[in-house]
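Structure below is final24.tsv: TSV, C-alpha atoms.
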```tsv
chain	number	residue	atom	x	y	z
A	1141	MET	CA	40.92	82.41	99.22
A	1142	THR	CA	41.01	86.20	99.09
A	1143	GLN	CA	44.45	87.66	99.76
A	1144	PRO	CA	44.62	90.41	102.41
A	1145	ILE	CA	45.00	93.89	100.98
A	1146	PRO	CA	48.34	95.51	101.80
A	1147	VAL	CA	48.69	98.83	103.57
A	1148	VAL	CA	51.36	101.48	103.22
A	1149	ALA	CA	52.99	102.37	106.53
A	1150	LEU	CA	55.23	105.40	106.88
A	1151	VAL	CA	58.18	104.08	108.88
A	1152	SER	CA	60.61	106.75	110.03
A	1153	GLY	CA	62.52	104.54	112.45
A	1154	GLY	CA	60.97	106.32	115.42
A	1155	LEU	CA	59.00	104.84	118.28
A	1156	ASP	CA	55.62	106.14	117.11
A	1157	SER	CA	55.93	104.82	113.57
A	1158	LEU	CA	57.12	101.46	114.94
A	1159	VAL	CA	54.00	101.08	117.07
A	1160	SER	CA	51.69	102.37	114.31
A	1161	ALA	CA	53.08	99.91	111.75
A	1162	ALA	CA	52.90	97.08	114.30
A	1163	LEU	CA	49.20	97.85	114.83
A	1164	ALA	CA	48.67	97.57	111.07
A	1165	ARG	CA	50.40	94.19	111.14
A	1166	GLU	CA	48.29	93.10	114.12
A	1167	ALA	CA	45.18	93.92	112.07
A	1168	GLY	CA	46.36	91.36	109.51
A	1169	HIS	CA	47.64	93.66	106.78
A	1170	PRO	CA	50.76	92.92	104.70
A	1171	LEU	CA	53.04	95.92	105.15
A	1172	LEU	CA	54.50	98.12	102.46
A	1173	ALA	CA	56.96	100.17	104.51
A	1174	LEU	CA	57.95	103.61	103.24
A	1175	SER	CA	60.84	105.60	104.71
A	1176	ILE	CA	62.04	108.95	103.41
A	1177	ASP	CA	65.69	109.90	103.20
A	1178	TYR	CA	65.27	113.67	103.16
A	1179	ASN	CA	68.93	114.31	104.02
A	1180	GLN	CA	67.98	114.75	107.66
A	1181	ARG	CA	70.80	115.38	110.12
A	1182	HIS	CA	69.75	112.25	112.05
A	1183	GLN	CA	70.42	109.82	109.20
A	1184	VAL	CA	70.81	107.08	111.80
A	1185	GLU	CA	67.01	106.88	111.95
A	1186	LEU	CA	67.04	105.25	108.50
A	1187	ALA	CA	69.08	102.35	109.88
A	1188	ALA	CA	66.39	102.05	112.57
A	1189	ALA	CA	63.70	102.13	109.88
A	1190	ARG	CA	65.37	99.19	108.15
A	1191	ARG	CA	65.44	97.28	111.46
A	1192	VAL	CA	61.77	98.02	112.04
A	1193	ALA	CA	60.72	96.95	108.54
A	1194	ARG	CA	62.61	93.66	108.91
A	1195	ALA	CA	61.27	92.99	112.39
A	1196	LEU	CA	57.68	93.58	111.29
A	1197	GLY	CA	58.06	91.40	108.21
A	1198	ALA	CA	57.33	94.10	105.64
A	1199	VAL	CA	56.74	92.55	102.22
A	1200	ARG	CA	58.61	95.49	100.73
A	1201	HIS	CA	60.56	98.40	102.21
A	1202	VAL	CA	61.28	101.45	100.09
A	1203	VAL	CA	63.72	104.11	101.30
A	1204	LEU	CA	62.94	107.00	99.01
A	1205	PRO	CA	65.47	109.84	98.61
A	1206	ILE	CA	64.11	113.37	98.42
A	1207	ASP	CA	66.58	116.02	99.55
A	1208	LEU	CA	64.69	118.60	101.61
A	1209	SER	CA	67.97	120.14	102.75
A	1210	VAL	CA	67.93	121.97	99.40
A	1211	PHE	CA	65.08	124.05	100.85
A	1212	GLY	CA	66.42	124.27	104.41
A	1213	GLY	CA	64.28	126.08	106.94
A	1214	SER	CA	64.65	123.52	109.71
A	1215	ALA	CA	67.22	122.42	112.26
A	1216	LEU	CA	66.79	118.92	110.87
A	1217	THR	CA	67.85	119.88	107.34
A	1218	ASP	CA	70.23	122.81	107.91
A	1219	ASP	CA	73.38	122.27	109.97
A	1220	ALA	CA	73.60	126.02	110.56
A	1221	ILE	CA	70.46	125.86	112.72
A	1222	ALA	CA	71.05	124.32	116.14
A	1223	VAL	CA	68.69	121.71	117.55
A	1224	PRO	CA	67.21	123.26	120.72
A	1225	LYS	CA	68.01	121.49	124.00
A	1226	ASP	CA	66.09	123.62	126.49
A	1227	GLY	CA	62.88	121.60	126.72
A	1228	VAL	CA	59.55	121.39	124.92
A	1229	GLY	CA	58.21	124.90	124.45
A	1230	ALA	CA	54.83	126.46	123.71
A	1231	THR	CA	55.62	127.49	120.13
A	1232	ILE	CA	56.44	125.49	117.01
A	1233	PRO	CA	60.18	124.70	117.30
A	1234	VAL	CA	62.88	125.05	114.64
A	1235	THR	CA	62.90	121.25	114.28
A	1236	TYR	CA	59.67	121.61	112.29
A	1237	VAL	CA	60.44	120.72	108.66
A	1238	PRO	CA	58.30	122.84	106.31
A	1239	ALA	CA	55.36	120.77	105.00
A	1240	ARG	CA	57.14	117.49	105.82
A	1241	ASN	CA	54.07	115.40	106.56
A	1242	THR	CA	52.25	116.83	103.55
A	1243	ILE	CA	55.15	115.71	101.35
A	1244	PHE	CA	55.50	112.30	103.00
A	1245	MET	CA	51.78	111.56	102.94
A	1246	SER	CA	51.62	112.53	99.25
A	1247	LEU	CA	54.39	110.04	98.48
A	1248	ALA	CA	52.65	107.34	100.55
A	1249	LEU	CA	49.41	108.08	98.72
A	1250	GLY	CA	51.13	107.63	95.35
A	1251	TRP	CA	52.50	104.24	96.36
A	1252	ALA	CA	49.18	103.16	97.87
A	1253	GLU	CA	47.31	103.92	94.65
A	1254	ALA	CA	49.91	102.15	92.53
A	1255	ALA	CA	49.91	99.08	94.82
A	1256	GLY	CA	46.14	98.82	95.24
A	1257	ALA	CA	46.32	99.66	98.94
A	1258	ARG	CA	43.57	101.71	100.55
A	1259	ASP	CA	44.89	102.33	104.04
A	1260	ILE	CA	47.95	104.39	104.95
A	1261	TYR	CA	49.27	104.17	108.51
A	1262	LEU	CA	50.96	107.13	110.17
A	1263	GLY	CA	52.66	107.46	113.53
A	1264	VAL	CA	51.52	111.04	114.12
A	1265	ASN	CA	50.49	112.10	117.62
A	1266	ALA	CA	48.89	115.28	118.89
A	1267	LEU	CA	49.26	114.98	122.67
A	1268	ASP	CA	52.88	114.45	123.79
A	1269	TYR	CA	54.63	116.04	120.80
A	1270	SER	CA	56.44	119.23	119.76
A	1271	GLY	CA	53.41	121.08	118.41
A	1272	TYR	CA	53.95	120.49	114.70
A	1273	PRO	CA	50.86	121.66	112.75
A	1274	ASP	CA	50.96	118.67	110.38
A	1275	CYS	CA	50.33	116.23	113.25
A	1276	ARG	CA	46.87	117.59	114.12
A	1277	PRO	CA	43.69	115.56	113.53
A	1278	GLU	CA	42.16	118.31	111.38
A	1279	PHE	CA	45.15	118.17	109.05
A	1280	ILE	CA	44.90	114.39	108.67
A	1281	ALA	CA	41.15	114.66	107.94
A	1282	ALA	CA	41.69	117.45	105.41
A	1283	PHE	CA	44.43	115.50	103.63
A	1284	GLU	CA	42.18	112.44	103.42
A	1285	ASN	CA	39.49	114.57	101.78
A	1286	MET	CA	42.05	115.95	99.34
A	1287	ALA	CA	43.21	112.42	98.47
A	1288	GLU	CA	39.68	111.47	97.47
A	1289	LEU	CA	39.58	114.41	95.04
A	1290	ALA	CA	43.13	114.02	93.73
A	1291	THR	CA	43.30	110.34	92.78
A	1292	LYS	CA	41.76	108.11	90.14
A	1293	ALA	CA	40.81	105.61	92.84
A	1294	GLY	CA	39.16	108.32	94.91
A	1295	VAL	CA	37.00	109.75	92.15
A	1296	GLU	CA	35.99	106.21	91.12
A	1297	GLY	CA	34.62	105.49	94.59
A	1298	ALA	CA	37.54	103.75	96.29
A	1299	PRO	CA	38.82	106.41	98.72
A	1300	PHE	CA	41.92	106.15	100.86
A	1301	ARG	CA	41.96	106.11	104.65
A	1302	PHE	CA	44.79	107.69	106.59
A	1303	ARG	CA	45.05	105.73	109.81
A	1304	ALA	CA	46.64	107.51	112.77
A	1305	PRO	CA	46.07	105.02	115.60
A	1306	LEU	CA	48.28	106.95	118.04
A	1307	GLN	CA	46.68	110.32	117.35
A	1308	HIS	CA	45.15	110.78	120.79
A	1309	MET	CA	47.60	108.76	122.87
A	1310	THR	CA	50.13	110.14	125.31
A	1311	LYS	CA	53.70	108.99	124.87
A	1312	ALA	CA	53.21	106.74	127.91
A	1313	ASP	CA	50.17	105.19	126.21
A	1314	ILE	CA	52.29	104.55	123.11
A	1315	VAL	CA	55.02	102.88	125.18
A	1316	ARG	CA	52.43	100.67	126.88
A	1317	GLU	CA	50.99	99.75	123.49
A	1318	GLY	CA	54.46	98.85	122.25
A	1319	ALA	CA	54.92	96.61	125.29
A	1320	ARG	CA	51.53	94.96	124.72
A	1321	LEU	CA	52.54	94.23	121.13
A	1322	GLY	CA	55.76	92.63	122.36
A	1323	LEU	CA	57.96	95.07	120.43
A	1324	ASP	CA	61.64	95.64	121.00
A	1325	MET	CA	61.30	99.39	121.35
A	1326	GLY	CA	65.05	99.73	121.69
A	1327	MET	CA	65.40	99.19	117.94
A	1328	SER	CA	63.68	102.51	117.25
A	1329	TRP	CA	65.43	105.88	117.04
A	1330	SER	CA	63.99	109.22	118.21
A	1331	CYS	CA	66.89	111.68	118.68
A	1332	TYR	CA	67.16	114.72	116.41
A	1333	ASP	CA	70.83	115.38	117.19
A	1334	PRO	CA	72.75	112.10	117.62
A	1335	ALA	CA	75.70	112.16	120.00
A	1336	PRO	CA	79.02	110.45	119.22
A	1337	GLY	CA	78.88	106.70	119.59
A	1338	ALA	CA	75.38	106.45	118.09
A	1339	LEU	CA	73.80	107.69	121.32
A	1340	HIS	CA	70.58	109.65	121.76
A	1341	CYS	CA	71.62	113.14	122.88
A	1342	GLY	CA	69.14	113.27	125.75
A	1343	GLY	CA	68.44	116.98	125.39
A	1344	CYS	CA	66.30	117.48	122.27
A	1345	ASP	CA	62.50	117.52	122.42
A	1346	SER	CA	62.25	114.05	120.93
A	1347	CYS	CA	64.60	112.49	123.50
A	1348	ARG	CA	62.79	114.21	126.35
A	1349	LEU	CA	59.36	113.07	125.17
A	1350	ARG	CA	60.59	109.53	124.55
A	1351	HIS	CA	62.15	109.13	128.01
A	1352	LYS	CA	59.16	110.79	129.70
A	1353	GLY	CA	56.89	108.23	128.03
A	1354	PHE	CA	58.85	105.27	129.38
A	1355	VAL	CA	59.05	106.76	132.86
A	1356	GLU	CA	55.33	107.55	133.01
A	1357	ALA	CA	54.46	104.11	131.61
A	1358	GLY	CA	56.55	102.46	134.32
A	1359	ILE	CA	58.52	100.53	131.69
A	1360	PRO	CA	62.35	100.55	131.60
A	1361	ASP	CA	63.72	102.79	128.87
A	1362	PRO	CA	66.00	100.70	126.60
A	1363	THR	CA	67.51	103.79	124.98
A	1364	ASP	CA	71.22	104.65	125.23
A	1365	TYR	CA	71.52	108.38	126.00
A	1366	ALA	CA	74.62	110.55	126.18
A	1367	VAL	CA	72.83	112.34	129.02
A	1368	VAL	CA	69.65	110.93	130.59
A	1369	PRO	CA	66.81	113.37	129.83
A	1370	PRO	CA	65.02	115.16	132.65
A	1371	THR	CA	61.49	113.96	133.32
A	1372	SER	CA	60.02	117.33	134.31
```
Spell out the structure here as C-alpha coordinates.
Amino acid sequence: MTQPIPVVALVSGGLDSLVSAALAREAGHPLLALSIDYNQRHQVELAAARRVARALGAVRHVVLPIDLSVFGGSALTDDAIAVPKDGVGATIPVTYVPARNTIFMSLALGWAEAAGARDIYLGVNALDYSGYPDCRPEFIAAFENMAELATKAGVEGAPFRFRAPLQHMTKADIVREGARLGLDMGMSWSCYDPAPGALHCGGCDSCRLRHKGFVEAGIPDPTDYAVVPPTS
(Lines of atoms letter the chains of each structure in order from A and count residues from 1; the text may use other names and numbers.)
(Lines give C-alpha, C1' and ligand atoms only; values in the text may rest on other atoms or scores of the structure.)
Protein backbone atom coordinates (compact mmCIF):
# COMPACT_ATOMS: atom_id res chain seq x y z
CA MET A 1 0.00 0.00 0.00
CA THR A 2 1.36 3.41 -0.98
CA GLN A 3 2.10 5.65 1.98
CA PRO A 4 0.62 9.18 1.84
CA ILE A 5 3.13 11.87 0.99
CA PRO A 6 3.77 14.31 3.85
CA VAL A 7 3.30 18.04 3.56
CA VAL A 8 5.17 20.83 5.29
CA ALA A 9 2.86 23.19 7.16
CA LEU A 10 4.09 26.52 8.51
CA VAL A 11 2.62 26.65 12.01
CA SER A 12 3.06 29.97 13.77
CA GLY A 13 0.64 29.25 16.60
CA GLY A 14 -1.89 31.67 15.16
CA LEU A 15 -5.49 31.02 14.20
CA ASP A 16 -4.88 31.09 10.45
CA SER A 17 -2.01 28.63 10.49
CA LEU A 18 -4.01 26.34 12.78
CA VAL A 19 -6.89 26.17 10.30
CA SER A 20 -4.57 25.85 7.29
CA ALA A 21 -2.66 22.94 8.83
CA ALA A 22 -5.93 21.29 9.88
CA LEU A 23 -7.13 21.46 6.27
CA ALA A 24 -3.94 19.69 5.19
CA ARG A 25 -4.63 17.00 7.77
CA GLU A 26 -8.24 16.71 6.59
CA ALA A 27 -6.92 16.08 3.08
CA GLY A 28 -5.10 13.03 4.46
CA HIS A 29 -1.55 14.35 4.56
CA PRO A 30 0.93 13.52 7.35
CA LEU A 31 2.07 16.84 8.76
CA LEU A 32 5.61 18.12 9.06
CA ALA A 33 5.04 21.23 11.18
CA LEU A 34 7.55 24.07 10.94
CA SER A 35 7.60 26.99 13.38
CA ILE A 36 10.16 29.78 13.36
CA ASP A 37 11.61 31.27 16.51
CA TYR A 38 12.74 34.59 15.07
CA ASN A 39 13.11 36.21 18.50
CA GLN A 40 9.69 37.79 18.11
CA ARG A 41 8.38 39.83 21.03
CA HIS A 42 5.35 37.51 21.24
CA GLN A 43 7.35 34.37 22.04
CA VAL A 44 4.21 32.94 23.62
CA GLU A 45 3.02 32.07 20.11
CA LEU A 46 5.65 29.30 19.99
CA ALA A 47 3.99 27.59 22.96
CA ALA A 48 0.75 27.80 20.97
CA ALA A 49 2.53 26.34 17.93
CA ARG A 50 3.59 23.35 20.02
CA ARG A 51 -0.01 22.87 21.19
CA VAL A 52 -1.26 23.04 17.62
CA ALA A 53 1.32 20.56 16.32
CA ARG A 54 0.42 18.08 19.07
CA ALA A 55 -3.31 18.52 18.59
CA LEU A 56 -3.06 17.93 14.85
CA GLY A 57 -0.85 14.88 15.28
CA ALA A 58 2.16 16.22 13.39
CA VAL A 59 4.62 13.42 12.67
CA ARG A 60 7.41 15.90 13.38
CA HIS A 61 7.50 19.47 14.66
CA VAL A 62 10.60 21.58 14.14
CA VAL A 63 10.97 24.93 15.92
CA LEU A 64 13.79 26.54 13.98
CA PRO A 65 15.71 29.46 15.53
CA ILE A 66 16.66 32.33 13.23
CA ASP A 67 17.12 35.63 15.02
CA LEU A 68 15.58 38.36 12.88
CA SER A 69 15.89 40.84 15.76
CA VAL A 70 19.51 41.23 14.63
CA PHE A 71 18.11 43.10 11.61
CA GLY A 72 15.28 44.89 13.44
CA GLY A 73 13.01 47.06 11.36
CA SER A 74 9.76 45.85 12.90
CA ALA A 75 7.76 46.31 16.07
CA LEU A 76 7.79 42.53 16.39
CA THR A 77 11.59 42.30 16.52
CA ASP A 78 12.63 45.62 18.06
CA ASP A 79 11.40 46.53 21.54
CA ALA A 80 12.12 50.19 20.81
CA ILE A 81 9.27 50.24 18.26
CA ALA A 82 5.82 50.23 19.84
CA VAL A 83 3.09 47.93 18.57
CA PRO A 84 0.31 50.24 17.30
CA LYS A 85 -3.03 50.01 19.11
CA ASP A 86 -5.13 52.50 17.13
CA GLY A 87 -6.81 50.12 14.70
CA VAL A 88 -6.11 48.60 11.30
CA GLY A 89 -4.91 51.35 8.98
CA ALA A 90 -4.62 51.82 5.23
CA THR A 91 -0.82 51.57 5.07
CA ILE A 92 1.60 48.75 5.86
CA PRO A 93 2.06 48.88 9.66
CA VAL A 94 5.29 48.73 11.65
CA THR A 95 4.41 45.15 12.66
CA TYR A 96 5.50 44.11 9.17
CA VAL A 97 8.72 42.09 9.50
CA PRO A 98 10.98 42.71 6.49
CA ALA A 99 10.75 39.77 4.06
CA ARG A 100 9.42 37.46 6.79
CA ASN A 101 7.28 35.23 4.59
CA THR A 102 10.01 35.05 1.95
CA ILE A 103 12.40 33.78 4.62
CA PHE A 104 9.90 31.38 6.18
CA MET A 105 8.75 29.95 2.86
CA SER A 106 12.38 29.42 1.80
CA LEU A 107 13.00 27.41 4.97
CA ALA A 108 9.81 25.41 4.44
CA LEU A 109 10.87 24.75 0.85
CA GLY A 110 14.24 23.42 2.01
CA TRP A 111 12.59 21.00 4.42
CA ALA A 112 10.01 19.93 1.84
CA GLU A 113 12.70 19.05 -0.70
CA ALA A 114 14.75 17.16 1.88
CA ALA A 115 11.68 15.24 3.13
CA GLY A 116 10.23 14.42 -0.28
CA ALA A 117 7.17 16.60 0.29
CA ARG A 118 5.65 18.51 -2.60
CA ASP A 119 3.00 20.64 -0.91
CA ILE A 120 3.63 23.45 1.57
CA TYR A 121 0.67 24.84 3.50
CA LEU A 122 0.54 28.48 4.56
CA GLY A 123 -1.98 30.37 6.66
CA VAL A 124 -1.67 33.61 4.69
CA ASN A 125 -4.79 35.67 4.04
CA ALA A 126 -5.34 38.72 1.86
CA LEU A 127 -8.79 39.93 2.96
CA ASP A 128 -9.04 40.59 6.71
CA TYR A 129 -5.35 41.24 7.41
CA SER A 130 -2.91 44.11 8.06
CA GLY A 131 -1.88 44.68 4.45
CA TYR A 132 1.45 42.87 4.48
CA PRO A 133 2.80 42.59 0.91
CA ASP A 134 4.03 39.02 1.41
CA CYS A 135 0.47 37.75 1.98
CA ARG A 136 -0.79 38.64 -1.51
CA PRO A 137 -1.73 35.95 -4.06
CA GLU A 138 0.71 37.34 -6.64
CA PHE A 139 3.57 36.93 -4.18
CA ILE A 140 2.64 33.31 -3.44
CA ALA A 141 2.42 32.55 -7.18
CA ALA A 142 5.76 34.23 -7.88
CA PHE A 143 7.47 32.34 -5.06
CA GLU A 144 6.09 29.04 -6.38
CA ASN A 145 7.57 29.83 -9.80
CA MET A 146 10.90 30.67 -8.17
CA ALA A 147 10.87 27.38 -6.25
CA GLU A 148 10.56 25.45 -9.50
CA LEU A 149 13.68 27.18 -10.83
CA ALA A 150 15.67 27.04 -7.59
CA THR A 151 15.41 23.37 -6.59
CA LYS A 152 16.70 20.07 -7.88
CA ALA A 153 13.19 18.63 -7.62
CA GLY A 154 11.74 21.53 -9.57
CA VAL A 155 14.16 21.37 -12.49
CA GLU A 156 13.69 17.58 -12.64
CA GLY A 157 9.95 17.95 -13.13
CA ALA A 158 8.60 17.59 -9.59
CA PRO A 159 7.57 21.16 -8.70
CA PHE A 160 6.35 22.34 -5.33
CA ARG A 161 2.89 23.72 -4.63
CA PHE A 162 2.37 26.43 -2.05
CA ARG A 163 -1.12 25.92 -0.70
CA ALA A 164 -2.83 28.94 0.82
CA PRO A 165 -6.36 27.63 1.46
CA LEU A 166 -7.39 30.73 3.44
CA GLN A 167 -6.10 33.22 0.88
CA HIS A 168 -9.49 34.62 -0.10
CA MET A 169 -11.39 34.04 3.14
CA THR A 170 -12.51 36.71 5.57
CA LYS A 171 -11.55 36.20 9.19
CA ALA A 172 -15.16 35.20 9.87
CA ASP A 173 -14.90 32.56 7.13
CA ILE A 174 -11.73 31.24 8.78
CA VAL A 175 -13.44 31.03 12.18
CA ARG A 176 -16.37 29.16 10.63
CA GLU A 177 -13.95 26.77 8.94
CA GLY A 178 -12.20 26.17 12.25
CA ALA A 179 -15.56 25.37 13.83
CA ARG A 180 -16.46 22.99 10.98
CA LEU A 181 -13.16 21.19 11.52
CA GLY A 182 -13.95 20.83 15.21
CA LEU A 183 -10.84 22.75 16.29
CA ASP A 184 -10.22 24.21 19.71
CA MET A 185 -9.43 27.67 18.41
CA GLY A 186 -8.65 28.84 21.92
CA MET A 187 -5.32 27.02 21.75
CA SER A 188 -4.08 29.43 19.09
CA TRP A 189 -2.36 32.76 19.77
CA SER A 190 -2.72 35.93 17.70
CA CYS A 191 -1.62 38.91 19.84
CA TYR A 192 1.49 40.87 18.86
CA ASP A 193 1.95 42.48 22.28
CA PRO A 194 1.01 40.05 25.08
CA ALA A 195 -0.37 41.57 28.26
CA PRO A 196 0.66 40.38 31.74
CA GLY A 197 -0.91 37.09 32.71
CA ALA A 198 -0.53 35.62 29.20
CA LEU A 199 -3.49 37.64 27.93
CA HIS A 200 -4.10 38.95 24.42
CA CYS A 201 -3.74 42.73 24.63
CA GLY A 202 -6.96 43.43 22.75
CA GLY A 203 -5.63 46.53 21.01
CA CYS A 204 -3.19 45.40 18.30
CA ASP A 205 -4.30 44.74 14.72
CA SER A 206 -4.11 40.99 15.19
CA CYS A 207 -6.34 40.99 18.29
CA ARG A 208 -8.86 43.27 16.60
CA LEU A 209 -9.04 41.12 13.47
CA ARG A 210 -9.29 37.92 15.50
CA HIS A 211 -12.16 39.16 17.68
CA LYS A 212 -13.95 40.71 14.69
CA GLY A 213 -13.84 37.32 12.96
CA PHE A 214 -15.50 35.52 15.87
CA VAL A 215 -18.15 38.21 16.24
CA GLU A 216 -19.00 38.26 12.53
CA ALA A 217 -19.05 34.45 12.42
CA GLY A 218 -21.50 34.37 15.32
CA ILE A 219 -19.21 32.03 17.26
CA PRO A 220 -18.13 32.76 20.86
CA ASP A 221 -14.56 34.04 21.06
CA PRO A 222 -12.57 31.74 23.40
CA THR A 223 -9.71 34.24 23.70
CA ASP A 224 -8.70 35.84 27.01
CA TYR A 225 -8.13 39.56 26.40
CA ALA A 226 -6.79 42.21 28.76
CA VAL A 227 -9.28 44.54 27.06
CA VAL A 228 -11.98 43.23 24.72
CA PRO A 229 -11.25 44.59 21.23
CA PRO A 230 -13.72 46.93 19.54
CA THR A 231 -15.63 45.40 16.64
CA SER A 232 -15.84 48.53 14.49
- Message: Nearest residue to A:Asp1333 out of A:Val1202, A:Val1223, A:Leu1306, A:Leu1262, using all atoms listed in the file?
- Response: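 When distances to A:Asp1333 are compared using all atoms listed in the file, the smallest one comes from A:Val1223.
Rounded to one decimal, atom CA of A:Arg1165 and atom CA of A:Tyr1178 lie 25.8 Å from each other.
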- Task: Just give me the gap between atom CA of A:Asp1259 and atom CA of A:Gln1180 in Å, one decimal is fine.
- Result: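 Computing the Euclidean distance for atom CA of A:Asp1259 and atom CA of A:Gln1180 yields 26.5 Å.
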- Excluding A:Val1151 and residues on its chain fewer than 3 positions from it, collect all residues at most 9 Å away from it, counting all atoms listed in the file, and give them as a PyMOL selection string. chain A and resi 1154+1156-1158+1160-1161+1173-1176+1186+1189-1190+1192-1193+1261-1263
- Work out how far apart atom CA of A:Ala1335 and atom CA of A:Val1367 are and give it in Å to one decimal.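 It comes out at 9.5 Å.
Using only C-alpha atoms for every distance, the candidate list A:Val1148, A:Gly1271, A:Leu1204, A:Phe1354 yields A:Gly1271 as the residue closest to A:Gly1229.
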- Task: Please write as a VMD selection string the list of polymer residues whose atoms come within 12 Å of (44.3, 113.0, 106.1), counting only C-alpha atoms and keeping to the coordinates of the file.
- Result: chain A and resid 1241 to 1242 1244 to 1246 1248 to 1249 1259 to 1262 1264 1274 to 1288 1299 to 1304 1307
I'd like the contact shell of A:Phe1211 - 10 Å cut-off, all atoms listed in the file, skipping same-chain residues fewer than 4 positions apart - returned as a PDB file with C-alpha atoms, keeping the file's coordinate frame.
```pdb
ATOM      1  CA  ASP A1207      66.580 116.020  99.550  1.00  0.00           C
ATOM      2  CA  THR A1217      67.850 119.880 107.340  1.00  0.00           C
ATOM      3  CA  ASP A1218      70.230 122.810 107.910  1.00  0.00           C
ATOM      4  CA  VAL A1237      60.440 120.720 108.660  1.00  0.00           C
ATOM      5  CA  PRO A1238      58.300 122.840 106.310  1.00  0.00           C
TER       6      PRO A1238
END
```
- Message: Between A:Glu1317, A:Asp1219, A:Asp1361, A:Glu1166, which residue has the minimum interatomic distance to A:Tyr1332, considering all atoms listed in the file?
- Response: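 The closest residue to A:Tyr1332 is A:Asp1219.
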- Please provide as JSON, numbers by chain all residues within 12 Å of A:Val1315, with the sequence filter that same-chain residues fewer than 6 positions apart are discarded (counting only C-alpha atoms). {"A": [1154, 1155, 1156, 1157, 1158, 1159, 1160, 1268, 1306, 1309, 1321, 1322, 1323, 1324, 1325, 1326, 1328, 1349, 1350, 1351, 1352, 1353, 1354, 1355, 1356, 1357, 1358, 1359, 1360, 1361, 1362]}
- Message: Taking 4 positions as the minimum chain separation for residues in the same chain, which residues sit within 10 Å of A:Asp1364 when counting only C-alpha atoms? Answer as a PyMOL selection string.
- Response: chain A and resi 1326+1337-1342+1368
- Query: With only C-alpha atoms as the basis for distance, which of A:Arg1348, A:His1169, A:Lys1225, A:Arg1191 is at the shortest distance from A:Ala1257?
  - Reply: A:His1169
- Item | Non-local contacts of A:Val1184 (9 Å; all atoms listed in the file; under 2 positions in same chain excluded) as JSON, numbers by chain | {"A": [1153, 1181, 1182, 1186, 1187, 1188, 1189, 1329, 1334, 1338]}
- Item | A:Gly1256, A:Gly1318, A:Gly1250, A:Pro1233 ranked by distance to A:Cys1344, top pick (using all atoms listed in the file) |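 Answer, going by the shortest atom-to-atom distance: A:Pro1233.
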Axis-aligned box over every listed atom of stretch 1201-1220 of chain A, padded by 3 Å per side: centre and edges in Å to one decimal, as lines of an AutoDock Vina configuration file?
```
center_x = 67.1
center_y = 112.2
center_z = 105.3
size_x = 19.0
size_y = 33.7
size_z = 19.8
```
